[in-house]
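Next up, my_file_13.txt (compact mmCIF, C-alpha atoms):
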# COMPACT_ATOMS: atom_id res chain seq x y z
CA MET A 1 9.37 0.19 11.53
CA ARG A 2 7.20 -1.83 9.18
CA LEU A 3 7.16 -2.17 5.40
CA ILE A 4 4.10 -0.53 3.82
CA GLY A 5 5.02 -1.33 0.21
CA THR A 6 7.79 -1.49 -2.38
CA ILE A 7 9.16 0.99 -4.93
CA TYR A 8 9.93 -0.48 -8.36
CA SER A 9 12.25 1.38 -10.72
CA PRO A 10 14.28 0.74 -13.89
CA PHE A 11 17.47 0.85 -11.79
CA THR A 12 19.00 -2.44 -10.66
CA GLU A 13 22.57 -1.18 -10.15
CA LYS A 14 23.69 1.62 -7.84
CA ASP A 15 25.92 3.25 -10.46
CA GLN A 16 23.01 3.48 -12.95
CA THR A 17 20.70 5.14 -10.44
CA PRO A 18 20.15 8.90 -10.83
CA ILE A 19 21.56 11.14 -8.11
CA GLN A 20 18.39 12.81 -6.84
CA VAL A 21 14.94 13.11 -8.35
CA SER A 22 15.84 16.32 -10.19
CA ARG A 23 18.17 14.28 -12.43
CA SER A 24 15.57 11.63 -13.24
CA GLN A 25 12.69 11.46 -15.70
CA ALA A 26 12.27 7.75 -15.04
CA ILE A 27 8.89 6.19 -14.41
CA GLY A 28 8.47 3.87 -11.43
CA GLN A 29 5.72 2.10 -9.52
CA VAL A 30 4.89 2.11 -5.85
CA GLU A 31 3.01 -0.99 -4.76
CA ILE A 32 1.24 -0.68 -1.42
CA LEU A 33 0.60 -3.79 0.66
CA PRO A 34 -3.11 -4.75 0.70
CA GLU A 35 -3.55 -3.94 4.40
CA PHE A 36 -2.52 -0.29 3.81
CA VAL A 37 -4.40 0.44 0.55
CA ASP A 38 -7.26 2.24 2.32
CA GLY A 39 -4.70 4.81 3.47
CA LEU A 40 -4.38 6.02 -0.15
CA LYS A 41 -7.86 7.62 -0.19
CA ASP A 42 -7.69 11.06 -1.92
CA ILE A 43 -4.03 10.67 -2.86
CA GLU A 44 -5.01 11.07 -6.54
CA GLU A 45 -5.68 14.77 -5.79
CA LEU A 46 -1.97 15.35 -5.17
CA SER A 47 0.54 16.10 -7.92
CA HIS A 48 3.63 15.27 -5.84
CA ILE A 49 4.37 13.03 -2.88
CA HIS A 50 7.28 12.45 -0.53
CA LEU A 51 8.41 8.84 -0.36
CA LEU A 52 10.26 7.71 2.77
CA TYR A 53 12.16 4.48 2.26
CA ILE A 54 15.10 2.36 3.33
CA PHE A 55 18.43 2.51 1.50
CA HIS A 56 18.35 -1.29 1.48
CA LYS A 57 21.55 -1.82 -0.50
CA SER A 58 23.64 0.41 1.78
CA SER A 59 25.21 -0.87 4.93
CA GLY A 60 27.30 0.76 7.61
CA TYR A 61 28.11 4.43 7.76
CA ALA A 62 30.95 6.89 8.30
CA LEU A 63 30.57 10.33 9.88
CA HIS A 64 32.72 11.94 7.18
CA VAL A 65 31.87 10.99 3.60
CA LYS A 66 32.82 12.02 0.09
CA PRO A 67 29.38 12.37 -1.55
CA PHE A 68 28.66 11.49 -5.22
CA LEU A 69 28.54 15.16 -6.21
CA ASP A 70 31.80 16.33 -4.59
CA ASP A 71 35.40 15.26 -4.21
CA ARG A 72 35.77 16.66 -0.69
CA GLU A 73 34.64 15.14 2.58
CA HIS A 74 31.65 16.50 4.49
CA GLY A 75 29.81 15.46 7.61
CA ILE A 76 27.19 12.83 6.80
CA PHE A 77 24.41 15.17 8.05
CA ALA A 78 25.52 17.87 5.58
CA THR A 79 25.01 15.38 2.72
CA ARG A 80 22.26 13.13 1.34
CA TYR A 81 24.67 10.18 1.09
CA PRO A 82 22.82 6.87 1.63
CA CYS A 83 25.15 5.23 4.19
CA ARG A 84 23.81 6.98 7.32
CA PRO A 85 23.23 6.08 10.96
CA ASN A 86 19.55 5.55 10.03
CA GLN A 87 19.39 4.59 6.38
CA ILE A 88 16.19 6.44 5.54
CA GLY A 89 15.86 8.24 2.22
CA ILE A 90 13.37 10.84 1.04
CA SER A 91 12.39 11.48 -2.57
CA THR A 92 9.75 13.92 -3.75
CA VAL A 93 8.26 12.50 -6.94
CA ARG A 94 5.42 13.30 -9.33
CA LEU A 95 2.34 11.15 -8.82
CA VAL A 96 1.21 10.35 -12.37
CA SER A 97 -1.74 8.10 -11.57
CA ARG A 98 -3.16 5.51 -9.21
CA GLN A 99 -4.43 2.11 -10.19
CA GLY A 100 -5.77 0.34 -7.10
CA ASN A 101 -2.80 -0.39 -4.84
CA THR A 102 -0.26 0.85 -7.41
CA LEU A 103 0.98 4.41 -7.83
CA ILE A 104 2.71 5.35 -11.07
CA ILE A 105 5.41 7.90 -10.28
CA LYS A 106 7.80 10.03 -12.34
CA GLY A 107 11.28 11.10 -11.34
CA VAL A 108 12.19 7.94 -9.46
CA ASP A 109 15.79 7.93 -8.16
CA VAL A 110 15.90 4.74 -6.08
CA LEU A 111 16.93 1.16 -6.73
CA ASP A 112 14.36 -1.36 -7.90
CA GLY A 113 12.76 -3.16 -4.96
CA THR A 114 13.28 -0.36 -2.41
CA PRO A 115 11.28 -0.95 0.81
CA LEU A 116 8.76 1.84 1.44
CA LEU A 117 8.11 3.22 4.95
CA ASP A 118 5.74 6.14 4.37
CA ILE A 119 4.07 8.43 1.85
CA LYS A 120 3.34 12.08 2.72
CA PRO A 121 1.77 14.83 0.62
CA TYR A 122 4.15 17.45 -0.79
CA VAL A 123 2.71 20.81 0.27
CA PRO A 124 4.79 23.84 -0.80
CA ASP A 125 3.33 25.94 2.05
CA PHE A 126 4.94 23.48 4.49
CA ASP A 127 7.96 22.24 2.54
CA HIS A 128 9.27 25.11 0.48
CA ARG A 129 11.70 27.76 1.73
CA THR A 130 12.61 30.86 -0.23
CA GLU A 131 14.00 33.25 2.35
CA ASP A 132 17.79 33.50 2.42
CA VAL A 133 18.47 29.91 1.37
CA ARG A 134 22.11 28.79 1.46
CA VAL A 135 23.08 25.27 0.40
CA GLY A 136 26.78 25.26 1.32
CA TRP A 137 28.91 22.87 -0.71
CA TYR A 138 25.92 22.02 -2.91
CA GLU A 139 25.98 25.57 -4.34
CA THR A 140 27.81 24.59 -7.52
CA ARG A 141 27.07 20.87 -7.32
CA SER A 142 23.30 20.50 -7.13
CA LYS A 143 22.49 21.69 -10.66
CA LYS A 144 21.57 19.14 -13.26
CA MET B 1 16.59 2.64 13.87
CA ARG B 2 18.79 4.38 16.40
CA LEU B 3 18.48 7.72 18.18
CA ILE B 4 21.04 10.28 16.95
CA GLY B 5 19.86 13.12 19.20
CA THR B 6 16.90 14.98 20.65
CA ILE B 7 14.86 18.00 19.54
CA TYR B 8 13.96 20.48 22.31
CA SER B 9 11.11 22.93 21.80
CA PRO B 10 8.89 25.26 23.83
CA PHE B 11 5.97 22.84 23.27
CA THR B 12 5.14 20.34 25.98
CA GLU B 13 1.50 19.75 25.03
CA LYS B 14 0.19 18.50 21.69
CA ASP B 15 -2.56 21.12 21.48
CA GLN B 16 -0.02 23.96 21.93
CA THR B 17 2.24 22.68 19.17
CA PRO B 18 2.12 24.50 15.81
CA ILE B 19 0.66 22.60 12.86
CA GLN B 20 3.63 22.60 10.48
CA VAL B 21 6.81 24.66 10.41
CA SER B 22 5.18 27.39 8.31
CA ARG B 23 3.00 28.27 11.31
CA SER B 24 5.89 28.48 13.76
CA GLN B 25 8.46 31.13 14.55
CA ALA B 26 9.57 29.23 17.64
CA ILE B 27 13.20 28.63 18.46
CA GLY B 28 14.34 25.13 19.36
CA GLN B 29 17.54 23.19 19.93
CA VAL B 30 18.76 19.97 18.40
CA GLU B 31 21.23 18.12 20.60
CA ILE B 32 23.28 15.49 18.82
CA LEU B 33 24.65 12.54 20.78
CA PRO B 34 28.45 12.76 21.25
CA GLU B 35 29.16 9.76 19.00
CA PHE B 36 27.49 11.47 16.02
CA VAL B 37 28.85 15.03 16.41
CA ASP B 38 31.55 14.56 13.75
CA GLY B 39 28.73 14.03 11.25
CA LEU B 40 27.82 17.74 11.59
CA LYS B 41 30.97 18.95 9.76
CA ASP B 42 30.04 21.77 7.30
CA ILE B 43 26.40 21.88 8.42
CA GLU B 44 26.90 25.55 9.38
CA GLU B 45 27.03 26.33 5.64
CA LEU B 46 23.36 25.39 5.28
CA SER B 47 20.48 27.76 5.94
CA HIS B 48 17.81 25.04 6.23
CA ILE B 49 17.79 21.39 7.22
CA HIS B 50 15.30 18.54 7.15
CA LEU B 51 14.80 16.86 10.51
CA LEU B 52 13.52 13.27 10.51
CA TYR B 53 12.12 12.23 13.87
CA ILE B 54 9.72 9.97 15.71
CA PHE B 55 6.23 11.16 16.66
CA HIS B 56 6.94 9.79 20.13
CA LYS B 57 3.66 10.88 21.73
CA SER B 58 1.50 9.28 19.05
CA SER B 59 0.53 5.64 19.16
CA GLY B 60 -1.49 3.46 16.86
CA TYR B 61 -2.88 4.55 13.53
CA ALA B 62 -6.01 4.49 11.40
CA LEU B 63 -6.04 4.38 7.60
CA HIS B 64 -8.71 7.09 7.40
CA VAL B 65 -8.12 10.15 9.57
CA LYS B 66 -9.59 13.58 10.11
CA PRO B 67 -6.47 15.80 10.05
CA PHE B 68 -6.02 18.92 12.19
CA LEU B 69 -6.64 21.21 9.22
CA ASP B 70 -9.84 19.64 7.88
CA ASP B 71 -13.15 18.28 9.11
CA ARG B 72 -13.37 15.53 6.49
CA GLU B 73 -11.64 12.16 6.48
CA HIS B 74 -8.72 11.41 4.17
CA GLY B 75 -6.39 8.48 3.70
CA ILE B 76 -3.47 8.68 6.13
CA PHE B 77 -0.99 8.87 3.21
CA ALA B 78 -2.81 11.94 1.82
CA THR B 79 -2.21 13.72 5.15
CA ARG B 80 0.69 14.60 7.44
CA TYR B 81 -1.20 13.35 10.51
CA PRO B 82 1.21 11.93 13.12
CA CYS B 83 -0.50 8.59 13.87
CA ARG B 84 0.86 6.61 10.91
CA PRO B 85 1.97 3.03 10.25
CA ASN B 86 5.57 4.30 10.67
CA GLN B 87 5.49 7.31 12.96
CA ILE B 88 8.23 9.27 11.25
CA GLY B 89 7.89 13.05 10.87
CA ILE B 90 9.76 15.50 8.66
CA SER B 91 10.22 19.19 9.38
CA THR B 92 12.27 21.62 7.33
CA VAL B 93 13.62 24.26 9.71
CA ARG B 94 16.00 27.20 9.58
CA LEU B 95 19.44 26.46 11.01
CA VAL B 96 20.28 29.58 13.01
CA SER B 97 23.64 28.51 14.42
CA ARG B 98 25.72 25.63 15.71
CA GLN B 99 27.41 25.47 19.07
CA GLY B 100 29.33 22.21 19.34
CA ASN B 101 26.81 19.38 19.45
CA THR B 102 23.84 21.78 19.59
CA LEU B 103 21.99 23.28 16.64
CA ILE B 104 19.77 26.30 17.23
CA ILE B 105 16.79 26.07 14.89
CA LYS B 106 13.88 28.35 14.03
CA GLY B 107 10.39 27.26 13.05
CA VAL B 108 10.23 24.22 15.29
CA ASP B 109 6.86 22.43 15.19
CA VAL B 110 7.50 19.33 17.30
CA LEU B 111 7.01 18.42 20.93
CA ASP B 112 9.82 18.99 23.42
CA GLY B 113 12.01 15.91 23.72
CA THR B 114 11.31 14.52 20.25
CA PRO B 115 13.73 11.68 19.31
CA LEU B 116 15.82 12.56 16.23
CA LEU B 117 16.61 9.97 13.52
CA ASP B 118 18.39 11.97 10.83
CA ILE B 119 19.36 15.41 9.52
CA LYS B 120 19.57 16.07 5.78
CA PRO B 121 20.42 19.28 3.91
CA TYR B 122 17.50 21.15 2.34
CA VAL B 123 18.47 21.66 -1.31
CA PRO B 124 15.82 23.41 -3.44
CA ASP B 125 17.21 21.83 -6.63
CA PHE B 126 16.31 18.43 -5.17
CA ASP B 127 13.35 19.24 -2.94
CA HIS B 128 11.34 21.96 -4.59
CA ARG B 129 8.67 21.39 -7.25
CA THR B 130 7.05 24.20 -9.21
CA GLU B 131 5.56 22.50 -12.25
CA ASP B 132 1.82 21.91 -12.09
CA VAL B 133 1.64 21.42 -8.32
CA ARG B 134 -1.72 20.31 -6.92
CA VAL B 135 -2.22 19.82 -3.19
CA GLY B 136 -5.75 18.37 -3.16
CA TRP B 137 -7.66 18.98 0.07
CA TYR B 138 -4.81 21.18 1.38
CA GLU B 139 -5.63 23.78 -1.31
CA THR B 140 -7.64 26.02 1.02
CA ARG B 141 -6.25 24.59 4.28
CA SER B 142 -2.47 24.91 4.13
CA LYS B 143 -2.26 28.71 4.30
CA LYS B 144 -1.20 30.30 7.55
Taking this structure as input, can you express it in the form of structure tokens?
Amino acid sequence: MRLIGTIYSPFTEKDQTPIQVSRSQAIGQVEILPEFVDGLKDIEELSHIHLLYIFHKSSGYALHVKPFLDDREHGIFATRYPCRPNQIGISTVRLVSRQGNTLIIKGVDVLDGTPLLDIKPYVPDFDHRTEDVRVGWYETRSKK
Amino acid sequence: MRLIGTIYSPFTEKDQTPIQVSRSQAIGQVEILPEFVDGLKDIEELSHIHLLYIFHKSSGYALHVKPFLDDREHGIFATRYPCRPNQIGISTVRLVSRQGNTLIIKGVDVLDGTPLLDIKPYVPDFDHRTEDVRVGWYETRSKK
């Protein structure tokens, strides 16, 4: 795994950081390393992007965790809790604009200085499910 | 990064493998390594899960690529093409059932034997965007 850039956000402390993009209106910046900037071609055409990044301030993991949004324990793979066997996070954010190697994003929910691994286009035809969706313990917990 | 399990699918050749979950009705299995099975607690409550995995049959990358669904070049980060600086894929699949350390999934779009890095719950409140979505070059290409 190699760093392709860094996500900058207004959040320097974990307990100030929004739980999930849907709870954030914050503006952030994604700075891409010079050697990867050519990979951004045509990204301006997209309204939303998936960011894949490292939860760099989390260490270790447990298989049962009490997530931020619940007071009961769940298996780590039934939660989005950051302390995971592989500490990779995903956030789907609005791409506001691009200025050279910098993307201005809205709805950032990560700590300032988060190491970026990948950017992928958000494509509802691929990413969105409507048929018989059940979200388990999130049912009453995922709302804003 | 550590392996947490393996994704099994009917697809042993790249050119037989569906482009994206939305083009697949195929059934697959996710086998979780014994040391991570406790992390599956409550996963049965979820109808859909995100799988994060390694594109293990892809090597190298270019910053401009001609993706499967288009005949023009785009920046790698404006595509879901597998040969990327970090060869991590995401697929959002239906969780049909769990049997011990094995998850039966529907809509698998990866090669047989794909190394699994993480499972996360699919939660529309976090993952779904409806407001002013633009998908750029995918506009006419992402339909089934």
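The residue that comes closest to chain B, out of A:Thr114, A:Thr6, A:Thr130, A:Asn86 and on the basis of all atoms listed in the file, is A:Asn86.
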Go through chain B and flag each residue having an atom no more than 7 Å from chain A; for those, report the closest pair of atoms plus their distance in Å to one decimal, using all atoms listed in the file, ordered by chain and rising number, as a tab-separated table.
residue	atom	partner	partner_atom	distance
B:Met1	CA	A:Asn86	CA	5.7
B:Arg2	CA	A:Asn86	CA	6.5
B:Gln20	CA	A:Phe126	CA	6.2
B:Val21	CA	A:Phe126	CA	6.3
B:Ser22	CA	A:Phe126	CA	5.5
B:Phe36	CA	A:Leu63	CA	7.0
B:Asp38	CA	A:Leu63	CA	5.8
B:Gly39	CA	A:Gly75	CA	4.1
B:Leu40	CA	A:Gly75	CA	5.0
B:Lys41	CA	A:Gly75	CA	4.3
B:Asp42	CA	A:His74	CA	6.2
B:Ile43	CA	A:Ala78	CA	5.0
B:Glu45	CA	A:Gly136	CA	4.5
B:Leu46	CA	A:Val135	CA	4.9
B:Ser47	CA	A:Arg134	CA	4.9
B:His48	CA	A:Val133	CA	6.9
B:Leu63	CA	A:Gly39	CA	4.4
B:His64	CA	A:Gly39	CA	6.1
B:His74	CA	A:Lys41	CA	5.8
B:Gly75	CA	A:Gly39	CA	4.0
B:Ile76	CA	A:Gly39	CA	4.9
B:Phe77	CA	A:Ile119	CA	5.3
B:Ala78	CA	A:Ile43	CA	5.0
B:Thr79	CA	A:Pro121	CA	6.1
B:Arg80	CA	A:Lys120	CA	6.0
B:Asn86	CA	A:Met1	CA	5.7
B:Thr92	CA	A:Asp127	CA	6.5
B:Leu117	CA	A:Asn86	CA	6.4
B:Asp118	CA	A:Asn86	CA	6.6
B:Ile119	CA	A:Phe77	CA	5.3
B:Lys120	CA	A:Phe77	CA	5.4
B:Pro121	CA	A:Ala78	CA	5.5
B:Val123	CA	A:Val135	CA	6.1
B:Asp125	CA	A:Ser142	CA	6.3
B:Phe126	CA	A:Ser22	CA	5.5
B:Asp127	CA	A:Thr92	CA	6.5
B:His128	CA	A:His128	CA	6.3
B:Val133	CA	A:Ser47	CA	5.4
B:Arg134	CA	A:Ser47	CA	4.9
B:Val135	CA	A:Leu46	CA	4.9
B:Gly136	CA	A:Glu45	CA	4.5
B:Ser142	CA	A:Asp125	CA	6.2
B:Lys143	CA	A:Asp125	CA	6.6
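Between CA of Ser24 in chain A and CA of Leu111 in chain A lies a distance of 12.4 Å.
Pairwise distance (CA of Gln99 in chain B, CA of Glu31 in chain B) equals 9.7 Å.
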Can you provide chain B as a PDB file with C-alpha atoms, keeping the file's coordinate frame, superposed onto chain A by least squares across all C-alpha atoms matched in order?
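This is the output file selection09.pdb:
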ATOM      1  CA  MET B   1       9.376   0.197  11.518  1.00  0.00           C
ATOM      2  CA  ARG B   2       7.211  -1.836   9.184  1.00  0.00           C
ATOM      3  CA  LEU B   3       7.159  -2.175   5.402  1.00  0.00           C
ATOM      4  CA  ILE B   4       4.091  -0.527   3.824  1.00  0.00           C
ATOM      5  CA  GLY B   5       5.025  -1.337   0.220  1.00  0.00           C
ATOM      6  CA  THR B   6       7.778  -1.484  -2.373  1.00  0.00           C
ATOM      7  CA  ILE B   7       9.156   0.986  -4.925  1.00  0.00           C
ATOM      8  CA  TYR B   8       9.933  -0.479  -8.372  1.00  0.00           C
ATOM      9  CA  SER B   9      12.264   1.366 -10.728  1.00  0.00           C
ATOM     10  CA  PRO B  10      14.279   0.740 -13.895  1.00  0.00           C
ATOM     11  CA  PHE B  11      17.479   0.839 -11.786  1.00  0.00           C
ATOM     12  CA  THR B  12      19.005  -2.427 -10.650  1.00  0.00           C
ATOM     13  CA  GLU B  13      22.565  -1.175 -10.142  1.00  0.00           C
ATOM     14  CA  LYS B  14      23.687   1.632  -7.841  1.00  0.00           C
ATOM     15  CA  ASP B  15      25.926   3.249 -10.457  1.00  0.00           C
ATOM     16  CA  GLN B  16      23.016   3.469 -12.948  1.00  0.00           C
ATOM     17  CA  THR B  17      20.709   5.144 -10.452  1.00  0.00           C
ATOM     18  CA  PRO B  18      20.154   8.909 -10.818  1.00  0.00           C
ATOM     19  CA  ILE B  19      21.574  11.144  -8.091  1.00  0.00           C
ATOM     20  CA  GLN B  20      18.401  12.828  -6.835  1.00  0.00           C
ATOM     21  CA  VAL B  21      14.936  13.129  -8.340  1.00  0.00           C
ATOM     22  CA  SER B  22      15.850  16.329 -10.196  1.00  0.00           C
ATOM     23  CA  ARG B  23      18.172  14.273 -12.411  1.00  0.00           C
ATOM     24  CA  SER B  24      15.575  11.633 -13.240  1.00  0.00           C
ATOM     25  CA  GLN B  25      12.705  11.467 -15.687  1.00  0.00           C
ATOM     26  CA  ALA B  26      12.272   7.755 -15.033  1.00  0.00           C
ATOM     27  CA  ILE B  27       8.905   6.183 -14.404  1.00  0.00           C
ATOM     28  CA  GLY B  28       8.466   3.876 -11.430  1.00  0.00           C
ATOM     29  CA  GLN B  29       5.714   2.108  -9.526  1.00  0.00           C
ATOM     30  CA  VAL B  30       4.882   2.112  -5.851  1.00  0.00           C
ATOM     31  CA  GLU B  31       3.010  -0.992  -4.745  1.00  0.00           C
ATOM     32  CA  ILE B  32       1.240  -0.678  -1.421  1.00  0.00           C
ATOM     33  CA  LEU B  33       0.601  -3.788   0.663  1.00  0.00           C
ATOM     34  CA  PRO B  34      -3.107  -4.765   0.698  1.00  0.00           C
ATOM     35  CA  GLU B  35      -3.555  -3.936   4.396  1.00  0.00           C
ATOM     36  CA  PHE B  36      -2.530  -0.303   3.811  1.00  0.00           C
ATOM     37  CA  VAL B  37      -4.409   0.434   0.555  1.00  0.00           C
ATOM     38  CA  ASP B  38      -7.271   2.245   2.321  1.00  0.00           C
ATOM     39  CA  GLY B  39      -4.695   4.800   3.469  1.00  0.00           C
ATOM     40  CA  LEU B  40      -4.380   6.013  -0.155  1.00  0.00           C
ATOM     41  CA  LYS B  41      -7.869   7.613  -0.199  1.00  0.00           C
ATOM     42  CA  ASP B  42      -7.695  11.060  -1.920  1.00  0.00           C
ATOM     43  CA  ILE B  43      -4.023  10.679  -2.859  1.00  0.00           C
ATOM     44  CA  GLU B  44      -5.014  11.077  -6.533  1.00  0.00           C
ATOM     45  CA  GLU B  45      -5.683  14.763  -5.773  1.00  0.00           C
ATOM     46  CA  LEU B  46      -1.970  15.351  -5.178  1.00  0.00           C
ATOM     47  CA  SER B  47       0.533  16.102  -7.920  1.00  0.00           C
ATOM     48  CA  HIS B  48       3.632  15.271  -5.842  1.00  0.00           C
ATOM     49  CA  ILE B  49       4.364  13.018  -2.894  1.00  0.00           C
ATOM     50  CA  HIS B  50       7.268  12.439  -0.536  1.00  0.00           C
ATOM     51  CA  LEU B  51       8.407   8.828  -0.367  1.00  0.00           C
ATOM     52  CA  LEU B  52      10.255   7.711   2.774  1.00  0.00           C
ATOM     53  CA  TYR B  53      12.170   4.486   2.259  1.00  0.00           C
ATOM     54  CA  ILE B  54      15.099   2.364   3.342  1.00  0.00           C
ATOM     55  CA  PHE B  55      18.427   2.514   1.498  1.00  0.00           C
ATOM     56  CA  HIS B  56      18.341  -1.283   1.475  1.00  0.00           C
ATOM     57  CA  LYS B  57      21.552  -1.799  -0.508  1.00  0.00           C
ATOM     58  CA  SER B  58      23.637   0.415   1.762  1.00  0.00           C
ATOM     59  CA  SER B  59      25.202  -0.872   4.939  1.00  0.00           C
ATOM     60  CA  GLY B  60      27.289   0.757   7.606  1.00  0.00           C
ATOM     61  CA  TYR B  61      28.104   4.435   7.756  1.00  0.00           C
ATOM     62  CA  ALA B  62      30.946   6.877   8.296  1.00  0.00           C
ATOM     63  CA  LEU B  63      30.574  10.315   9.876  1.00  0.00           C
ATOM     64  CA  HIS B  64      32.721  11.943   7.182  1.00  0.00           C
ATOM     65  CA  VAL B  65      31.876  10.994   3.604  1.00  0.00           C
ATOM     66  CA  LYS B  66      32.808  12.014   0.095  1.00  0.00           C
ATOM     67  CA  PRO B  67      29.377  12.374  -1.566  1.00  0.00           C
ATOM     68  CA  PHE B  68      28.656  11.499  -5.203  1.00  0.00           C
ATOM     69  CA  LEU B  69      28.557  15.164  -6.206  1.00  0.00           C
ATOM     70  CA  ASP B  70      31.805  16.337  -4.602  1.00  0.00           C
ATOM     71  CA  ASP B  71      35.409  15.256  -4.204  1.00  0.00           C
ATOM     72  CA  ARG B  72      35.791  16.670  -0.692  1.00  0.00           C
ATOM     73  CA  GLU B  73      34.652  15.145   2.583  1.00  0.00           C
ATOM     74  CA  HIS B  74      31.659  16.496   4.493  1.00  0.00           C
ATOM     75  CA  GLY B  75      29.809  15.456   7.611  1.00  0.00           C
ATOM     76  CA  ILE B  76      27.182  12.825   6.803  1.00  0.00           C
ATOM     77  CA  PHE B  77      24.398  15.155   8.042  1.00  0.00           C
ATOM     78  CA  ALA B  78      25.521  17.863   5.577  1.00  0.00           C
ATOM     79  CA  THR B  79      25.005  15.379   2.717  1.00  0.00           C
ATOM     80  CA  ARG B  80      22.270  13.132   1.340  1.00  0.00           C
ATOM     81  CA  TYR B  81      24.668  10.175   1.076  1.00  0.00           C
ATOM     82  CA  PRO B  82      22.829   6.865   1.621  1.00  0.00           C
ATOM     83  CA  CYS B  83      25.140   5.226   4.193  1.00  0.00           C
ATOM     84  CA  ARG B  84      23.808   6.974   7.308  1.00  0.00           C
ATOM     85  CA  PRO B  85      23.240   6.068  10.961  1.00  0.00           C
ATOM     86  CA  ASN B  86      19.548   5.559  10.033  1.00  0.00           C
ATOM     87  CA  GLN B  87      19.381   4.593   6.379  1.00  0.00           C
ATOM     88  CA  ILE B  88      16.183   6.429   5.557  1.00  0.00           C
ATOM     89  CA  GLY B  89      15.849   8.232   2.213  1.00  0.00           C
ATOM     90  CA  ILE B  90      13.367  10.850   1.042  1.00  0.00           C
ATOM     91  CA  SER B  91      12.385  11.481  -2.561  1.00  0.00           C
ATOM     92  CA  THR B  92       9.748  13.916  -3.756  1.00  0.00           C
ATOM     93  CA  VAL B  93       8.251  12.494  -6.949  1.00  0.00           C
ATOM     94  CA  ARG B  94       5.418  13.308  -9.323  1.00  0.00           C
ATOM     95  CA  LEU B  95       2.326  11.158  -8.825  1.00  0.00           C
ATOM     96  CA  VAL B  96       1.208  10.346 -12.364  1.00  0.00           C
ATOM     97  CA  SER B  97      -1.753   8.105 -11.566  1.00  0.00           C
ATOM     98  CA  ARG B  98      -3.172   5.516  -9.207  1.00  0.00           C
ATOM     99  CA  GLN B  99      -4.431   2.105 -10.185  1.00  0.00           C
ATOM    100  CA  GLY B 100      -5.744   0.334  -7.098  1.00  0.00           C
ATOM    101  CA  ASN B 101      -2.794  -0.397  -4.832  1.00  0.00           C
ATOM    102  CA  THR B 102      -0.265   0.855  -7.409  1.00  0.00           C
ATOM    103  CA  LEU B 103       0.975   4.412  -7.833  1.00  0.00           C
ATOM    104  CA  ILE B 104       2.716   5.358 -11.069  1.00  0.00           C
ATOM    105  CA  ILE B 105       5.416   7.905 -10.275  1.00  0.00           C
ATOM    106  CA  LYS B 106       7.796  10.017 -12.345  1.00  0.00           C
ATOM    107  CA  GLY B 107      11.288  11.086 -11.351  1.00  0.00           C
ATOM    108  CA  VAL B 108      12.195   7.939  -9.464  1.00  0.00           C
ATOM    109  CA  ASP B 109      15.783   7.926  -8.161  1.00  0.00           C
ATOM    110  CA  VAL B 110      15.902   4.743  -6.080  1.00  0.00           C
ATOM    111  CA  LEU B 111      16.933   1.169  -6.718  1.00  0.00           C
ATOM    112  CA  ASP B 112      14.359  -1.361  -7.901  1.00  0.00           C
ATOM    113  CA  GLY B 113      12.756  -3.137  -4.960  1.00  0.00           C
ATOM    114  CA  THR B 114      13.289  -0.364  -2.413  1.00  0.00           C
ATOM    115  CA  PRO B 115      11.283  -0.957   0.817  1.00  0.00           C
ATOM    116  CA  LEU B 116       8.750   1.839   1.445  1.00  0.00           C
ATOM    117  CA  LEU B 117       8.105   3.227   4.957  1.00  0.00           C
ATOM    118  CA  ASP B 118       5.733   6.132   4.375  1.00  0.00           C
ATOM    119  CA  ILE B 119       4.069   8.442   1.849  1.00  0.00           C
ATOM    120  CA  LYS B 120       3.341  12.071   2.728  1.00  0.00           C
ATOM    121  CA  PRO B 121       1.771  14.828   0.617  1.00  0.00           C
ATOM    122  CA  TYR B 122       4.150  17.438  -0.802  1.00  0.00           C
ATOM    123  CA  VAL B 123       2.712  20.803   0.263  1.00  0.00           C
ATOM    124  CA  PRO B 124       4.785  23.836  -0.798  1.00  0.00           C
ATOM    125  CA  ASP B 125       3.332  25.937   2.044  1.00  0.00           C
ATOM    126  CA  PHE B 126       4.938  23.493   4.483  1.00  0.00           C
ATOM    127  CA  ASP B 127       7.950  22.244   2.546  1.00  0.00           C
ATOM    128  CA  HIS B 128       9.288  25.092   0.481  1.00  0.00           C
ATOM    129  CA  ARG B 129      11.706  27.754   1.745  1.00  0.00           C
ATOM    130  CA  THR B 130      12.612  30.854  -0.237  1.00  0.00           C
ATOM    131  CA  GLU B 131      14.018  33.250   2.338  1.00  0.00           C
ATOM    132  CA  ASP B 132      17.799  33.503   2.402  1.00  0.00           C
ATOM    133  CA  VAL B 133      18.472  29.906   1.359  1.00  0.00           C
ATOM    134  CA  ARG B 134      22.103  28.771   1.457  1.00  0.00           C
ATOM    135  CA  VAL B 135      23.086  25.262   0.394  1.00  0.00           C
ATOM    136  CA  GLY B 136      26.789  25.282   1.318  1.00  0.00           C
ATOM    137  CA  TRP B 137      28.916  22.871  -0.710  1.00  0.00           C
ATOM    138  CA  TYR B 138      25.903  22.017  -2.918  1.00  0.00           C
ATOM    139  CA  GLU B 139      25.980  25.574  -4.336  1.00  0.00           C
ATOM    140  CA  THR B 140      27.836  24.606  -7.514  1.00  0.00           C
ATOM    141  CA  ARG B 141      27.070  20.866  -7.325  1.00  0.00           C
ATOM    142  CA  SER B 142      23.296  20.497  -7.142  1.00  0.00           C
ATOM    143  CA  LYS B 143      22.481  21.713 -10.659  1.00  0.00           C
ATOM    144  CA  LYS B 144      21.537  19.156 -13.263  1.00  0.00           C
TER     145      LYS B 144
END
